[in-house]
file input.txt (compact mmCIF, C-alpha atoms)
# COMPACT_ATOMS: atom_id res chain seq x y z
CA LEU A 54 0.00 0.00 0.00
CA GLN A 55 1.44 3.34 -1.06
CA GLY A 56 -0.03 6.82 -1.08
CA ALA A 57 -2.15 9.30 0.87
CA ILE A 58 -5.75 8.98 2.01
CA ALA A 59 -8.22 11.35 3.69
CA ILE A 60 -10.48 9.81 6.32
CA PRO A 61 -14.23 10.55 6.61
CA GLY A 62 -15.38 12.73 9.51
CA ASP A 63 -15.35 11.59 13.13
CA LYS A 64 -18.66 9.92 14.01
CA SER A 65 -18.65 10.92 17.69
CA ILE A 66 -18.06 14.59 16.87
CA SER A 67 -20.62 14.54 14.02
CA HIS A 68 -23.36 13.32 16.39
CA ARG A 69 -22.55 15.92 19.03
CA ALA A 70 -22.34 18.80 16.55
CA LEU A 71 -25.85 18.03 15.29
CA MET A 72 -27.26 17.69 18.81
CA LEU A 73 -25.66 20.76 20.35
CA GLY A 74 -26.46 22.77 17.22
CA ALA A 75 -30.11 21.84 17.76
CA LEU A 76 -30.01 22.99 21.42
CA ALA A 77 -28.11 26.24 20.84
CA GLN A 78 -29.38 29.69 19.91
CA GLY A 79 -28.70 30.73 16.31
CA GLU A 80 -27.09 28.83 13.48
CA THR A 81 -24.44 26.12 13.73
CA ILE A 82 -22.35 25.40 10.64
CA ILE A 83 -20.80 21.92 10.41
CA GLU A 84 -18.01 21.19 7.93
CA GLY A 85 -16.79 17.65 7.27
CA LEU A 86 -19.82 15.87 8.75
CA LEU A 87 -19.70 12.08 8.47
CA LEU A 88 -22.39 10.97 6.01
CA GLY A 89 -22.81 7.48 7.47
CA GLU A 90 -26.13 6.02 8.53
CA ASP A 91 -25.64 6.83 12.24
CA PRO A 92 -25.38 10.65 11.92
CA ARG A 93 -28.27 10.50 9.43
CA SER A 94 -30.34 8.86 12.17
CA THR A 95 -29.45 11.69 14.55
CA ALA A 96 -30.42 14.33 11.98
CA HIS A 97 -33.71 12.55 11.23
CA CYS A 98 -34.66 12.38 14.93
CA PHE A 99 -33.97 16.07 15.55
CA ARG A 100 -35.79 17.15 12.41
CA ALA A 101 -38.80 15.26 13.77
CA MET A 102 -38.57 17.49 16.87
CA GLY A 103 -38.78 20.72 14.87
CA VAL A 104 -35.08 21.43 14.24
CA GLU A 105 -34.21 22.82 10.79
CA ILE A 106 -31.19 20.93 9.42
CA SER A 107 -30.06 21.50 5.83
CA PRO A 108 -29.43 18.49 3.55
CA LEU A 109 -26.44 16.52 4.83
CA ASN A 110 -23.17 16.82 2.91
CA THR A 111 -19.47 17.01 3.75
CA GLU A 112 -19.07 20.64 2.62
CA GLN A 113 -21.48 22.46 4.93
CA VAL A 114 -24.52 21.54 7.02
CA ILE A 115 -26.53 24.32 8.70
CA VAL A 116 -28.47 23.61 11.90
CA LYS A 117 -30.93 26.27 13.07
CA GLY A 118 -30.99 25.86 16.83
CA ARG A 119 -34.20 26.02 18.86
CA GLY A 120 -32.58 26.91 22.17
CA LEU A 121 -32.26 24.81 25.30
CA GLY A 122 -35.42 22.94 26.31
CA ASN A 123 -37.40 23.85 23.19
CA LEU A 124 -37.53 20.57 21.25
CA GLU A 125 -41.05 19.82 20.01
CA GLU A 126 -43.00 16.70 20.90
CA PRO A 127 -42.68 14.59 17.72
CA LEU A 128 -45.62 13.09 15.86
CA GLU A 129 -43.61 9.95 15.12
CA VAL A 130 -41.55 7.37 16.99
CA LEU A 131 -37.93 8.55 17.02
CA ASP A 132 -35.85 5.86 15.28
CA ALA A 133 -32.12 5.80 16.10
CA GLY A 134 -31.48 3.00 13.58
CA ASN A 135 -28.26 1.18 14.52
CA SER A 136 -26.79 4.12 16.46
CA GLY A 137 -26.23 3.59 20.18
CA THR A 138 -24.81 7.12 20.49
CA THR A 139 -27.97 8.67 19.01
CA LEU A 140 -30.27 6.71 21.31
CA ARG A 141 -28.34 6.99 24.58
CA LEU A 142 -27.47 10.69 24.29
CA MET A 143 -30.94 11.62 23.07
CA ILE A 144 -32.63 9.91 26.04
CA GLY A 145 -30.88 12.36 28.39
CA LEU A 146 -32.11 15.36 26.44
CA LEU A 147 -35.69 14.16 26.04
CA ALA A 148 -36.10 13.25 29.71
CA ALA A 149 -35.47 16.93 30.59
CA HIS A 150 -38.29 18.39 28.43
CA PRO A 151 -41.25 18.83 30.84
CA GLY A 152 -44.74 18.25 29.50
CA ARG A 153 -43.65 16.42 26.34
CA PHE A 154 -43.87 12.73 25.55
CA PHE A 155 -41.38 10.83 23.38
CA THR A 156 -41.04 7.25 22.14
CA VAL A 157 -37.61 6.10 20.96
CA THR A 158 -36.51 2.90 19.25
CA GLY A 159 -33.84 1.44 16.98
CA ASP A 160 -33.18 -1.57 14.77
CA SER A 161 -33.23 -5.12 16.15
CA SER A 162 -29.55 -4.92 17.13
CA LEU A 163 -29.95 -1.65 19.04
CA CYS A 164 -33.12 -2.90 20.76
CA SER A 165 -31.07 -5.75 22.23
CA ARG A 166 -28.36 -3.48 23.68
CA PRO A 167 -28.49 -2.50 27.38
CA MET A 168 -30.14 0.85 28.15
CA SER A 169 -30.28 0.48 31.94
CA ARG A 170 -26.82 2.06 32.14
CA VAL A 171 -28.40 5.42 31.17
CA VAL A 172 -31.98 4.86 32.37
CA GLN A 173 -30.94 4.16 35.98
CA PRO A 174 -28.97 7.40 36.57
CA LEU A 175 -31.64 9.43 34.74
CA GLU A 176 -34.32 7.95 37.02
CA THR A 177 -32.17 9.08 39.96
CA MET A 178 -32.45 12.60 38.49
CA GLY A 179 -36.25 12.19 38.42
CA ALA A 180 -36.74 11.00 34.83
CA LYS A 181 -39.87 9.03 33.88
CA ILE A 182 -38.89 6.26 31.45
CA TRP A 183 -40.60 2.99 30.55
CA GLY A 184 -39.18 0.18 28.42
CA ARG A 185 -39.00 -3.54 27.80
CA LYS A 186 -37.57 -5.97 30.37
CA ASN A 187 -37.91 -3.66 33.37
CA ASN A 188 -36.81 -0.52 31.51
CA THR A 189 -33.56 -2.09 30.30
CA LEU A 190 -34.27 -2.37 26.54
CA ALA A 191 -35.67 -0.15 23.78
CA PRO A 192 -38.24 0.77 22.60
CA LEU A 193 -38.51 3.30 25.42
CA ALA A 194 -41.27 5.76 26.30
CA ILE A 195 -40.15 8.99 27.97
CA GLN A 196 -42.35 11.50 29.82
CA GLY A 197 -40.35 14.73 29.98
CA THR A 198 -40.07 16.28 33.42
CA THR A 199 -37.98 18.70 35.48
CA LEU A 200 -34.78 16.91 36.49
CA LYS A 201 -32.61 17.50 39.55
CA PRO A 202 -28.79 17.45 39.45
CA ILE A 203 -26.88 14.43 40.78
CA HIS A 204 -23.33 13.23 41.31
CA TYR A 205 -23.22 9.91 39.48
CA GLN A 206 -20.49 7.36 40.17
CA SER A 207 -20.47 5.39 36.92
CA PRO A 208 -19.45 1.73 37.27
CA ILE A 209 -18.07 1.79 33.70
CA ALA A 210 -15.97 4.22 31.69
CA SER A 211 -18.43 5.07 28.91
CA ALA A 212 -18.58 8.29 26.92
CA GLN A 213 -22.20 7.53 26.02
CA VAL A 214 -23.25 7.22 29.66
CA LYS A 215 -21.28 10.31 30.68
CA SER A 216 -22.60 12.37 27.77
CA CYS A 217 -26.22 11.33 28.38
CA ILE A 218 -26.08 12.52 32.00
CA LEU A 219 -24.24 15.75 31.13
CA LEU A 220 -26.82 16.58 28.43
CA ALA A 221 -29.64 15.94 30.93
CA GLY A 222 -27.74 18.11 33.42
CA LEU A 223 -27.84 21.04 30.98
CA MET A 224 -31.51 21.46 31.91
CA ALA A 225 -31.23 20.67 35.64
CA GLU A 226 -30.87 23.52 38.14
CA GLY A 227 -27.38 23.35 39.67
CA LYS A 228 -24.32 21.21 39.06
CA THR A 229 -24.42 17.66 37.65
CA THR A 230 -21.26 15.55 38.02
CA VAL A 231 -20.20 12.23 36.51
CA THR A 232 -17.24 10.30 37.95
CA GLU A 233 -15.82 7.35 35.98
CA PRO A 234 -13.39 4.56 36.93
CA ALA A 235 -11.15 5.52 33.97
CA LEU A 236 -10.99 8.24 31.34
CA SER A 237 -13.45 7.89 28.45
CA ARG A 238 -13.50 10.00 25.28
CA ASP A 239 -14.16 13.68 26.03
CA HIS A 240 -15.73 15.05 22.83
CA SER A 241 -18.88 16.10 24.69
CA GLU A 242 -16.97 18.15 27.25
CA ARG A 243 -14.91 19.90 24.59
CA MET A 244 -17.91 20.72 22.43
CA LEU A 245 -20.17 21.78 25.32
CA ARG A 246 -17.46 24.22 26.39
CA ALA A 247 -17.11 25.53 22.81
CA PHE A 248 -20.88 26.16 22.66
CA GLY A 249 -20.79 28.15 25.93
CA ALA A 250 -21.53 25.66 28.72
CA THR A 251 -19.61 25.77 32.01
CA ILE A 252 -17.66 22.50 32.27
CA ASP A 253 -15.36 21.67 35.18
CA ILE A 254 -12.99 18.70 34.90
CA ASP A 255 -11.07 16.95 37.69
CA PRO A 256 -8.55 14.72 35.88
CA GLU A 257 -7.40 13.04 39.10
CA THR A 258 -10.84 11.60 39.90
CA HIS A 259 -12.03 11.32 36.25
CA SER A 260 -14.91 13.66 37.14
CA VAL A 261 -16.80 16.08 34.86
CA THR A 262 -19.29 18.68 36.09
CA VAL A 263 -21.78 20.71 34.03
CA THR A 264 -23.65 23.74 35.38
CA GLY A 265 -27.32 23.78 34.41
CA ASN A 266 -29.14 26.26 32.17
CA PRO A 267 -26.19 27.73 30.23
CA HIS A 268 -26.60 30.01 27.24
CA LEU A 269 -25.54 27.85 24.30
CA GLN A 270 -24.64 29.76 21.13
CA GLY A 271 -24.35 28.29 17.63
CA GLN A 272 -20.80 27.65 16.41
CA THR A 273 -18.83 26.64 13.34
CA VAL A 274 -17.66 23.05 13.85
CA ILE A 275 -14.98 21.51 11.60
CA VAL A 276 -15.12 17.73 12.03
CA PRO A 277 -11.70 16.00 11.86
CA GLY A 278 -11.19 12.56 10.33
CA ASP A 279 -12.29 9.64 12.52
CA ILE A 280 -9.36 7.83 14.15
CA SER A 281 -11.53 4.69 14.42
CA SER A 282 -11.75 4.65 10.62
CA ALA A 283 -8.06 5.56 10.27
CA ALA A 284 -7.23 2.50 12.42
CA PHE A 285 -7.94 0.10 9.54
CA TRP A 286 -5.42 1.91 7.30
CA LEU A 287 -2.83 2.19 10.08
CA VAL A 288 -2.92 -1.57 10.67
CA ALA A 289 -2.91 -2.31 6.93
CA GLY A 290 0.12 -0.06 6.43
CA ALA A 291 1.92 -1.72 9.35
CA ILE A 292 1.38 -5.36 8.32
CA ILE A 293 1.51 -5.28 4.49
CA PRO A 294 5.16 -5.45 3.34
CA ASP A 295 6.78 -2.41 1.68
CA SER A 296 3.88 -0.12 2.58
CA GLU A 297 3.93 3.59 3.35
CA LEU A 298 0.68 5.49 3.88
CA LEU A 299 -0.05 9.08 4.87
CA VAL A 300 -3.46 9.16 6.59
CA GLN A 301 -4.52 12.81 6.49
CA ASN A 302 -6.57 15.03 8.81
CA VAL A 303 -7.08 12.54 11.66
CA GLY A 304 -8.41 13.57 15.06
CA ILE A 305 -5.84 12.66 17.72
CA ASN A 306 -7.86 13.52 20.82
CA PRO A 307 -5.87 11.96 23.70
CA THR A 308 -8.96 10.08 24.91
CA ARG A 309 -9.00 8.26 21.54
CA THR A 310 -5.31 7.60 20.77
CA GLY A 311 -4.96 4.25 22.54
CA ILE A 312 -4.70 2.67 19.07
CA LEU A 313 -1.54 4.71 18.33
CA GLU A 314 0.07 3.84 21.67
CA VAL A 315 -0.62 0.12 21.31
CA LEU A 316 0.64 -0.02 17.71
CA GLU A 317 3.83 1.79 18.77
CA THR A 318 4.25 -0.67 21.66
CA MET A 319 3.96 -3.48 19.08
CA GLY A 320 6.77 -1.87 17.08
CA ALA A 321 4.79 -0.13 14.34
CA ASP A 322 6.56 2.68 12.48
CA ILE A 323 4.14 5.58 13.04
CA THR A 324 4.86 9.31 13.02
CA LEU A 325 2.55 12.32 13.52
CA GLU A 326 2.97 15.23 11.10
CA ASN A 327 1.37 18.68 10.77
CA GLN A 328 -0.13 18.62 14.28
CA ARG A 329 -2.71 21.36 14.86
CA LEU A 330 -5.89 22.32 16.75
CA VAL A 331 -9.20 22.42 14.82
CA THR A 332 -12.30 23.63 16.69
CA GLY A 333 -10.74 22.61 20.00
CA GLU A 334 -9.78 19.12 18.80
CA PRO A 335 -6.15 18.08 18.14
CA VAL A 336 -5.58 16.91 14.54
CA ALA A 337 -2.58 15.47 12.65
CA ASP A 338 -1.53 13.62 9.53
CA ILE A 339 -0.32 10.12 10.45
CA ARG A 340 2.43 8.39 8.47
CA VAL A 341 2.71 4.60 8.82
CA LYS A 342 5.35 2.33 7.30
CA SER A 343 5.39 -1.47 7.31
CA SER A 344 7.34 -3.07 10.14
CA SER A 345 7.73 -6.30 12.10
CA LEU A 346 5.20 -6.30 14.95
CA LYS A 347 5.64 -7.97 18.34
CA ALA A 348 2.94 -9.12 20.77
CA CYS A 349 1.86 -7.09 23.78
CA THR A 350 -0.80 -6.98 26.51
CA ILE A 351 -3.74 -4.59 26.01
CA ALA A 352 -5.63 -4.03 29.27
CA GLY A 353 -6.67 -1.57 31.97
CA ALA A 354 -7.08 2.17 31.53
CA VAL A 355 -6.21 2.13 27.80
CA ILE A 356 -9.26 -0.03 26.92
CA PRO A 357 -11.89 2.78 26.92
CA ARG A 358 -9.53 4.76 24.66
CA LEU A 359 -9.47 2.06 21.94
CA ILE A 360 -12.60 -0.01 22.55
CA ASP A 361 -13.82 0.39 18.94
CA GLU A 362 -10.39 -0.46 17.51
CA ILE A 363 -9.99 -3.88 19.15
CA PRO A 364 -11.43 -5.77 16.12
CA ILE A 365 -8.69 -4.42 13.82
CA LEU A 366 -6.04 -4.70 16.57
CA ALA A 367 -6.89 -8.41 16.68
CA VAL A 368 -5.88 -8.56 13.01
CA ALA A 369 -2.60 -6.80 13.82
CA ALA A 370 -2.00 -9.31 16.61
CA THR A 371 -2.32 -12.26 14.21
CA PHE A 372 0.67 -10.78 12.34
CA ALA A 373 2.68 -10.02 15.51
CA HIS A 374 5.39 -12.31 16.95
CA GLY A 375 4.32 -13.83 20.26
CA THR A 376 1.05 -14.00 22.22
CA THR A 377 -1.06 -10.86 22.52
CA ILE A 378 -3.45 -10.70 25.48
CA ILE A 379 -6.51 -8.41 25.41
CA LYS A 380 -8.31 -8.05 28.79
CA ASP A 381 -10.90 -5.78 30.50
CA ALA A 382 -12.86 -5.55 27.23
CA GLN A 383 -16.12 -7.25 28.27
CA GLU A 384 -17.94 -4.17 26.90
CA LEU A 385 -17.37 -5.67 23.43
CA ARG A 386 -19.87 -8.42 24.21
CA VAL A 387 -22.77 -5.91 24.12
CA LYS A 388 -21.91 -3.99 20.95
CA GLU A 389 -23.66 -4.50 17.59
CA SER A 390 -22.54 -8.12 17.97
CA ASP A 391 -20.62 -10.04 20.64
CA ARG A 392 -17.40 -8.77 19.10
CA LEU A 393 -15.11 -10.97 21.19
CA ALA A 394 -16.86 -14.15 20.05
CA VAL A 395 -17.22 -12.99 16.46
CA ILE A 396 -13.59 -11.81 16.10
CA ALA A 397 -12.28 -15.12 17.46
CA HIS A 398 -14.55 -17.30 15.33
CA GLN A 399 -14.16 -15.41 12.04
CA LEU A 400 -10.37 -14.93 12.21
CA ASN A 401 -9.90 -18.56 13.27
CA LEU A 402 -11.77 -19.57 10.11
CA MET A 403 -8.98 -17.80 8.20
CA GLY A 404 -6.25 -19.66 10.09
CA ALA A 405 -5.61 -17.40 13.08
CA LYS A 406 -4.90 -18.81 16.55
CA ILE A 407 -7.31 -16.95 18.82
CA SER A 408 -9.03 -18.10 22.00
CA GLU A 409 -11.69 -16.20 23.90
CA LEU A 410 -11.26 -14.97 27.46
CA PRO A 411 -14.31 -13.90 29.51
CA ASP A 412 -13.27 -10.26 29.01
CA GLY A 413 -10.94 -10.44 26.03
CA LEU A 414 -8.84 -12.50 23.63
CA GLU A 415 -5.56 -14.44 23.51
CA ILE A 416 -3.94 -14.24 20.06
CA THR A 417 -0.80 -16.13 18.99
CA GLY A 418 1.11 -15.02 15.92
CA PRO A 419 2.30 -14.66 13.36
CA THR A 420 -0.08 -16.94 11.49
CA PRO A 421 -0.72 -16.87 7.74
CA LEU A 422 -4.36 -16.14 6.88
CA THR A 423 -6.21 -17.78 3.99
CA GLY A 424 -9.33 -16.62 2.18
CA THR A 425 -12.65 -18.16 3.15
CA GLU A 426 -16.33 -17.27 3.50
CA LEU A 427 -17.02 -15.04 6.50
CA ASP A 428 -20.03 -13.53 8.30
CA SER A 429 -20.05 -9.90 9.49
CA TYR A 430 -23.03 -10.49 11.82
CA THR A 431 -24.34 -7.16 10.40
CA ASP A 432 -21.70 -5.36 12.51
CA HIS A 433 -19.89 -2.66 10.56
CA ARG A 434 -16.58 -2.91 12.44
CA ILE A 435 -16.49 -6.67 11.94
CA ALA A 436 -17.23 -6.21 8.21
CA MET A 437 -14.43 -3.66 7.89
call {"tool": "encode", "arguments": {"input": "input.txt", "output": "structure tokens"}}
result
Amino acid sequence: LQGAIAIPGDKSISHRALMLGALAQGETIIEGLLLGEDPRSTAHCFRAMGVEISPLNTEQVIVKGRGLGNLEEPLEVLDAGNSGTTLRLMIGLLAAHPGRFFTVTGDSSLCSRPMSRVVQPLETMGAKIWGRKNNTLAPLAIQGTTLKPIHYQSPIASAQVKSCILLAGLMAEGKTTVTEPALSRDHSERMLRAFGATIDIDPETHSVTVTGNPHLQGQTVIVPGDISSAAFWLVAGAIIPDSELLVQNVGINPTRTGILEVLETMGADITLENQRLVTGEPVADIRVKSSSLKACTIAGAVIPRLIDEIPILAVAATFAHGTTIIKDAQELRVKESDRLAVIAHQLNLMGAKISELPDGLEITGPTPLTGTELDSYTDHRIAM
């Protein structure tokens, strides 16, 4: 592989730009929006609640904000499709709209994913939410009400959980705090601050606090390339002989760069060029050259910073010398598929030597892979 490639926009930032643009006063201009199905689901849901959003494209999308607390009660069921970010973040917003009733759902995969992790803290704030299996699964019905601030000790490091509670806290009187066991991605905090919210961060305790009822003002948001999409090219460039790729305009937010640290630990030849700040997010061009990889252990605090990249890191590990251990990644069992089981089964079909752990994988390499018929389990990261 030789050459340069530009990566589509970051999905996490695309979602949040659409949502905060809808809640702010005035116009928000988004450049570089990801045009995948998930951000389209977010746009569709907010249009159904009275937000004017121009046709989606990568050049420029204009969101005409309604102001905090002014989303309309929709005539239709809000369908998040396959997007866990859309559903979980939106629940926090909708629960804080007194006097309005909302019903939210998703596709069959999303309706099997756990929602109690956001429903439970929202109920502590006073939210009224009903759903399948004791309020743990979508579809969910939400009766908007006035919420009270809380300090939530999250049992997991999850940007979706943290963001949901912070967005609900925007419309609660006082300070709402989320404390996590480890650092999760911080796109919400950065963007909330850019739109005018008061955000306090305690890095020692992994705590984030939002002060309720801020004045949010529309902004221009330039979406960097998604490092989760760049990961596939970084691994390809590292393992395919005589390769050199320049992956351009990639977001290198430190809460997302676990993939870079692990690949460097494995001996990958990776350099960052043209580092810069774009709309509060660090961005760089990443050059990768082929190299001989060695096994390593991937566990602990780095896991939330590369949780979406583990499927492609498993491929890298099959080409690395030694036994790679991935632990503390049980979250992957409740994604669009049970990614630990699917990664192990599908790569083993190609000749890899992978065994499942309760919370991870054990991968011995290098092993030559051979072509065969595979199943993506309708999970986009597995397909890629």
call {"tool": "atom_distance", "arguments": {"input": "input.txt", "atom1": "atom CA of Asn187 of chain A", "atom2": "atom CA of Glu384 of chain A"}}
result
21.0 Å
call {"tool": "closest_residue", "arguments": {"input": "input.txt", "among": "A:Pro277, A:Pro192, A:Gly320, A:Gly311", "to": "Gly333 of chain A", "atoms": "all atoms listed in the file"}}
result
A:Pro277
call {"tool": "residues_around", "arguments": {"input": "input.txt", "residues": "segment 243-249 of chain A", "least_positions_apart": "5", "cutoff": "10 Å", "atoms": "all atoms listed in the file", "output": "count of residues only"}}
result
24
call {"tool": "closest_residue", "arguments": {"input": "input.txt", "among": "A:Gly89, A:Thr318, A:Ser344, A:Ile83", "to": "Ser107 of chain A", "atoms": "all atoms listed in the file"}}
result
A:Ile83
call {"tool": "closest_atom_pairs", "arguments": {"input": "input.txt", "of": "segment 183-225 of chain A", "to": "segment 149-163 of chain A", "cutoff": "9 Å", "atoms": "all atoms listed in the file", "output": "CSV"}}
result
residue,atom,partner,partner_atom,distance
A:Leu190,CA,A:Leu163,CA,8.7
A:Ala191,CA,A:Thr158,CA,5.5
A:Pro192,CA,A:Thr158,CA,4.3
A:Leu193,CA,A:Val157,CA,5.3
A:Ala194,CA,A:Thr156,CA,4.4
A:Ile195,CA,A:Phe155,CA,5.1
A:Gln196,CA,A:Phe154,CA,4.7
A:Gly197,CA,A:Pro151,CA,4.3
A:Thr198,CA,A:Pro151,CA,3.8
A:Thr199,CA,A:Pro151,CA,5.7
A:Leu200,CA,A:Ala149,CA,5.9
A:Leu220,CA,A:Ala149,CA,8.9
A:Ala221,CA,A:Ala149,CA,5.9
A:Gly222,CA,A:Ala149,CA,8.3
A:Leu223,CA,A:Ala149,CA,8.7
A:Met224,CA,A:Ala149,CA,6.2
A:Ala225,CA,A:Ala149,CA,7.6
call {"tool": "closest_residue", "arguments": {"input": "input.txt", "among": "A:Gly375, A:Pro419, A:Pro411, A:Pro364", "to": "Ile396 of chain A", "atoms": "all atoms listed in the file"}}
result
A:Pro364
call {"tool": "axis_aligned_box", "arguments": {"input": "input.txt", "around": "segment 70-74 of chain A", "padding_each_side": "6 Å", "output": "lines of an AutoDock Vina configuration file"}}
result
center_x = -24.8
center_y = 20.2
center_z = 17.8
size_x = 16.9
size_y = 17.1
size_z = 17.1
call {"tool": "residues_around", "arguments": {"input": "input.txt", "residues": "His433 of chain A", "least_positions_apart": "4", "cutoff": "10 Å", "atoms": "all atoms listed in the file", "output": "VMD selection string"}}
result
chain A and resid 389 to 390 429 437
call {"tool": "atom_distance", "arguments": {"input": "input.txt", "atom1": "atom CA of Asp381 of chain A", "atom2": "atom CA of Asp412 of chain A"}}
result
5.3 Å
call {"tool": "build_atoms", "arguments": {"input": "input.txt", "residues": "segment 345-352 of chain A", "atoms": "all heavy atoms", "output": "compact mmCIF listing (two decimals), keeping the file's coordinate frame"}}
result
# COMPACT_ATOMS: atom_id res chain seq x y z
N SER A 345 7.94 -5.01 11.44
CA SER A 345 7.73 -6.30 12.10
C SER A 345 7.11 -6.03 13.47
O SER A 345 7.70 -5.35 14.31
CB SER A 345 9.06 -7.03 12.25
OG SER A 345 8.86 -8.25 12.93
N LEU A 346 5.90 -6.57 13.69
CA LEU A 346 5.20 -6.30 14.95
C LEU A 346 5.50 -7.39 15.97
O LEU A 346 5.74 -8.55 15.62
CB LEU A 346 3.69 -6.24 14.70
CG LEU A 346 3.18 -5.17 13.73
CD1 LEU A 346 1.64 -5.19 13.68
CD2 LEU A 346 3.68 -3.79 14.11
N LYS A 347 5.47 -7.01 17.26
CA LYS A 347 5.64 -7.97 18.34
C LYS A 347 4.41 -7.91 19.24
O LYS A 347 3.72 -6.90 19.33
CB LYS A 347 6.91 -7.69 19.13
CG LYS A 347 6.95 -6.35 19.84
CD LYS A 347 8.26 -6.17 20.60
CE LYS A 347 8.27 -4.91 21.45
NZ LYS A 347 8.30 -3.67 20.64
N ALA A 348 4.13 -9.01 19.92
CA ALA A 348 2.94 -9.12 20.77
C ALA A 348 3.04 -8.20 21.97
O ALA A 348 4.13 -7.77 22.37
CB ALA A 348 2.77 -10.57 21.22
N CYS A 349 1.89 -7.89 22.56
CA CYS A 349 1.86 -7.09 23.78
C CYS A 349 0.58 -7.42 24.55
O CYS A 349 -0.26 -8.21 24.09
CB CYS A 349 1.92 -5.59 23.47
SG CYS A 349 0.43 -4.95 22.69
N THR A 350 0.43 -6.84 25.72
CA THR A 350 -0.80 -6.98 26.51
C THR A 350 -1.58 -5.67 26.44
O THR A 350 -1.00 -4.59 26.63
CB THR A 350 -0.48 -7.33 27.98
OG1 THR A 350 0.15 -8.61 28.01
CG2 THR A 350 -1.75 -7.39 28.81
N ILE A 351 -2.87 -5.76 26.13
CA ILE A 351 -3.74 -4.59 26.01
C ILE A 351 -4.80 -4.72 27.09
O ILE A 351 -5.66 -5.61 27.02
CB ILE A 351 -4.39 -4.52 24.61
CG1 ILE A 351 -3.32 -4.61 23.51
CG2 ILE A 351 -5.21 -3.26 24.45
CD1 ILE A 351 -3.88 -4.82 22.11
N ALA A 352 -4.74 -3.87 28.12
CA ALA A 352 -5.63 -4.03 29.27
C ALA A 352 -5.67 -2.73 30.07
O ALA A 352 -4.88 -1.82 29.86
CB ALA A 352 -5.14 -5.18 30.15
